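Chemist: Below you'll find my_file27.tsv; it's TSV, C-alpha atoms.
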chain	number	residue	atom	x	y	z
A	9	MET	CA	79.07	113.44	57.74
A	10	ALA	CA	80.94	112.21	60.83
A	11	ASP	CA	83.44	109.38	60.57
A	12	ASN	CA	82.65	106.08	62.23
A	13	LYS	CA	84.98	105.99	65.24
A	14	LYS	CA	84.01	102.53	66.42
A	15	HIS	CA	87.65	101.46	66.82
A	16	ILE	CA	89.80	104.18	68.36
A	17	PHE	CA	92.73	101.85	69.20
A	18	ASP	CA	94.08	98.92	67.33
A	19	LEU	CA	94.61	95.83	69.48
A	20	GLU	CA	98.38	96.16	69.51
A	21	THR	CA	98.20	99.69	70.97
A	22	LEU	CA	95.59	98.61	73.50
A	23	ASP	CA	97.77	95.68	74.61
A	24	TYR	CA	100.72	98.06	74.96
A	25	TYR	CA	98.76	100.41	77.24
A	26	LEU	CA	97.27	97.60	79.31
A	27	GLY	CA	100.67	95.96	79.73
A	28	SER	CA	102.35	99.23	80.66
A	29	THR	CA	99.76	100.13	83.29
A	30	GLY	CA	99.61	96.67	84.92
A	31	PHE	CA	96.15	95.55	83.85
A	32	ILE	CA	97.81	92.67	82.04
A	33	CYS	CA	101.36	91.37	82.40
A	34	PRO	CA	104.01	93.38	80.54
A	35	THR	CA	105.18	91.44	77.49
A	36	ASN	CA	108.41	93.27	76.67
A	37	GLN	CA	111.12	95.33	78.33
A	38	GLN	CA	109.63	98.64	77.17
A	39	GLN	CA	106.29	97.91	78.86
A	40	LEU	CA	108.07	96.71	82.01
A	41	ASP	CA	110.19	99.88	82.16
A	42	LEU	CA	107.13	102.10	81.75
A	43	PHE	CA	105.25	100.10	84.41
A	44	GLU	CA	108.14	100.49	86.88
A	45	LYS	CA	108.33	104.22	86.15
A	46	LEU	CA	104.58	104.68	86.69
A	47	TYR	CA	104.63	102.88	90.04
A	48	GLU	CA	108.09	103.75	91.37
A	49	ASP	CA	106.72	105.61	94.42
A	50	PHE	CA	103.98	103.08	95.20
A	51	ASP	CA	104.27	101.65	98.74
A	52	PHE	CA	103.58	97.94	98.30
A	53	LYS	CA	102.70	96.69	101.77
A	54	LEU	CA	102.91	92.95	101.07
A	55	LYS	CA	106.59	92.75	100.15
A	56	GLU	CA	107.27	89.68	102.26
A	57	ALA	CA	103.98	87.90	101.54
A	58	SER	CA	103.87	84.89	99.29
A	59	ILE	CA	101.05	83.89	96.97
A	60	ASP	CA	100.40	80.22	96.31
A	61	VAL	CA	99.46	80.31	92.63
A	62	THR	CA	98.98	76.53	92.47
A	63	ALA	CA	96.42	76.63	95.28
A	64	ILE	CA	94.52	79.38	93.49
A	65	ILE	CA	94.48	77.47	90.20
A	66	ASN	CA	93.50	74.18	91.84
A	67	ASN	CA	90.89	75.88	94.07
A	68	GLN	CA	92.58	74.67	97.25
A	69	LEU	CA	92.45	77.89	99.23
A	70	THR	CA	91.39	77.67	102.84
A	71	LYS	CA	89.79	80.44	104.83
A	72	LYS	CA	91.46	81.47	108.04
A	73	SER	CA	89.54	83.00	110.90
A	74	VAL	CA	91.13	85.81	112.83
A	75	PHE	CA	89.98	86.62	116.34
A	76	ARG	CA	90.92	89.89	117.95
A	77	LEU	CA	91.20	89.63	121.69
A	78	LEU	CA	89.92	92.55	123.71
A	79	LYS	CA	92.24	94.58	125.87
A	80	ASP	CA	91.43	94.88	129.59
A	81	ASP	CA	90.22	98.47	129.32
A	82	GLU	CA	87.88	97.49	126.46
A	83	LYS	CA	86.48	94.63	128.55
A	84	ASN	CA	85.86	96.99	131.47
A	85	GLU	CA	84.13	99.52	129.22
A	86	ILE	CA	81.87	96.82	127.77
A	87	ASN	CA	80.98	95.57	131.24
A	88	GLU	CA	80.11	99.11	132.37
A	89	LEU	CA	77.89	99.59	129.32
A	90	LYS	CA	76.16	96.26	129.99
A	91	MET	CA	75.57	97.35	133.57
A	92	ALA	CA	74.10	100.64	132.35
A	93	ALA	CA	71.76	98.77	130.05
A	94	ARG	CA	70.49	96.68	132.97
A	95	LYS	CA	70.40	99.22	135.79
A	96	GLY	CA	70.32	102.63	134.15
A	97	SER	CA	72.88	105.33	134.72
A	98	GLN	CA	73.23	104.83	138.47
A	99	GLY	CA	76.80	104.31	139.54
A	100	LEU	CA	78.35	105.02	136.16
A	101	SER	CA	81.24	107.37	135.65
A	102	GLN	CA	80.52	110.59	133.78
A	103	ASP	CA	82.73	109.64	130.81
A	104	ILE	CA	80.62	106.51	130.19
A	105	ILE	CA	77.42	108.54	130.40
A	106	ASP	CA	78.84	111.10	127.97
A	107	LYS	CA	79.83	108.29	125.61
A	108	MET	CA	76.30	106.87	125.74
A	109	TYR	CA	74.78	110.29	124.97
A	110	GLY	CA	77.32	110.84	122.22
A	111	LYS	CA	76.20	107.71	120.37
A	112	HIS	CA	72.71	109.13	119.83
A	113	PRO	CA	72.03	112.24	117.74
A	114	LYS	CA	70.19	115.05	119.51
A	115	LYS	CA	66.72	115.90	118.32
A	116	SER	CA	65.50	119.48	118.16
A	117	ASP	CA	62.86	118.91	120.86
A	118	ASP	CA	65.27	117.23	123.37
A	119	LYS	CA	65.73	118.97	126.69
A	120	GLU	CA	68.71	118.41	128.93
Please render this file's structure as structure tokens.
Modeler:
Amino acid sequence: MADNKKHIFDLETLDYYLGSTGFICPTNQQQLDLFEKLYEDFDFKLKEASIDVTAIINNQLTKKSVFRLLKDDEKNEINELKMAARKGSQGLSQDIIDKMYGKHPKKSDDKE
């Protein structure tokens, strides 16, 4: 009869693996060394960012809105597309017309 394999790891071994892989904080130098070896080539992009732990614990985080301003060529393109929506394709440059056609998939019964 098969053995009951309900517990594959004991808790100490599980804590060791979780601490070494970063799922929980490393608790000794051996886990920290293994963690650093596992992630030595990882490119951490927030090196100069700071985290306010107190604000997280006290639930004092504030949301910041970010607005991306359009560049002049994007504004012109949007205005040309608005004009096309109002007046049709009269007076539009061919690249704008191609862009409009490119946004819609062709059906098998479409004729050019």
Chemist: Considering all atoms listed in the file, can you say which of A:Glu88, A:Gly27, A:Ile59, A:Asp81 comes closest to Ser101 (chain A)?
Modeler: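 Between A:Glu88, A:Gly27, A:Ile59, A:Asp81, the residue approaching Ser101 (chain A) most closely is A:Glu88.
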Chemist: List the spatial neighbours of Asp41 (chain A) as a ChimeraX atom specification - criterion: any atom at most 12 Å away, all atoms listed in the file, same-chain residues fewer than 5 positions off excluded.
Modeler: /A:27-30,34-36,46-48
Chemist: Do a neighbour search on Cys33 (chain A) at 10 Å with all atoms listed in the file, toss out local chain neighbours closer than 6 positions, and write the hits as a PyMOL selection string.
Modeler: chain A and resi 23+26-27+39-40+43
Chemist: Report, as JSON, the centre and edge lengths in Å (one decimal) of the axis-aligned box enclosing every listed atom of region 31-36 of chain A, padded by 6 Å on each side.
Modeler:
{"center_x": 102.3, "center_y": 93.5, "center_z": 80.3, "size_x": 24.3, "size_y": 16.2, "size_z": 19.2}
Chemist: Rounded to one decimal place, report the CA of Leu89 (chain A)-CA of Asp103 (chain A) distance in Å.
Modeler: 11.3 Å
Chemist: Could you tell me how far CA of Arg76 (chain A) sits from CA of Pro113 (chain A), in Å to one decimal place?
Modeler: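 CA of Arg76 (chain A) lies 29.3 Å from CA of Pro113 (chain A).
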Chemist: Between CA of Asp60 (chain A) and CA of Tyr25 (chain A), what is the spacing in Å?
Modeler: 27.8 Å
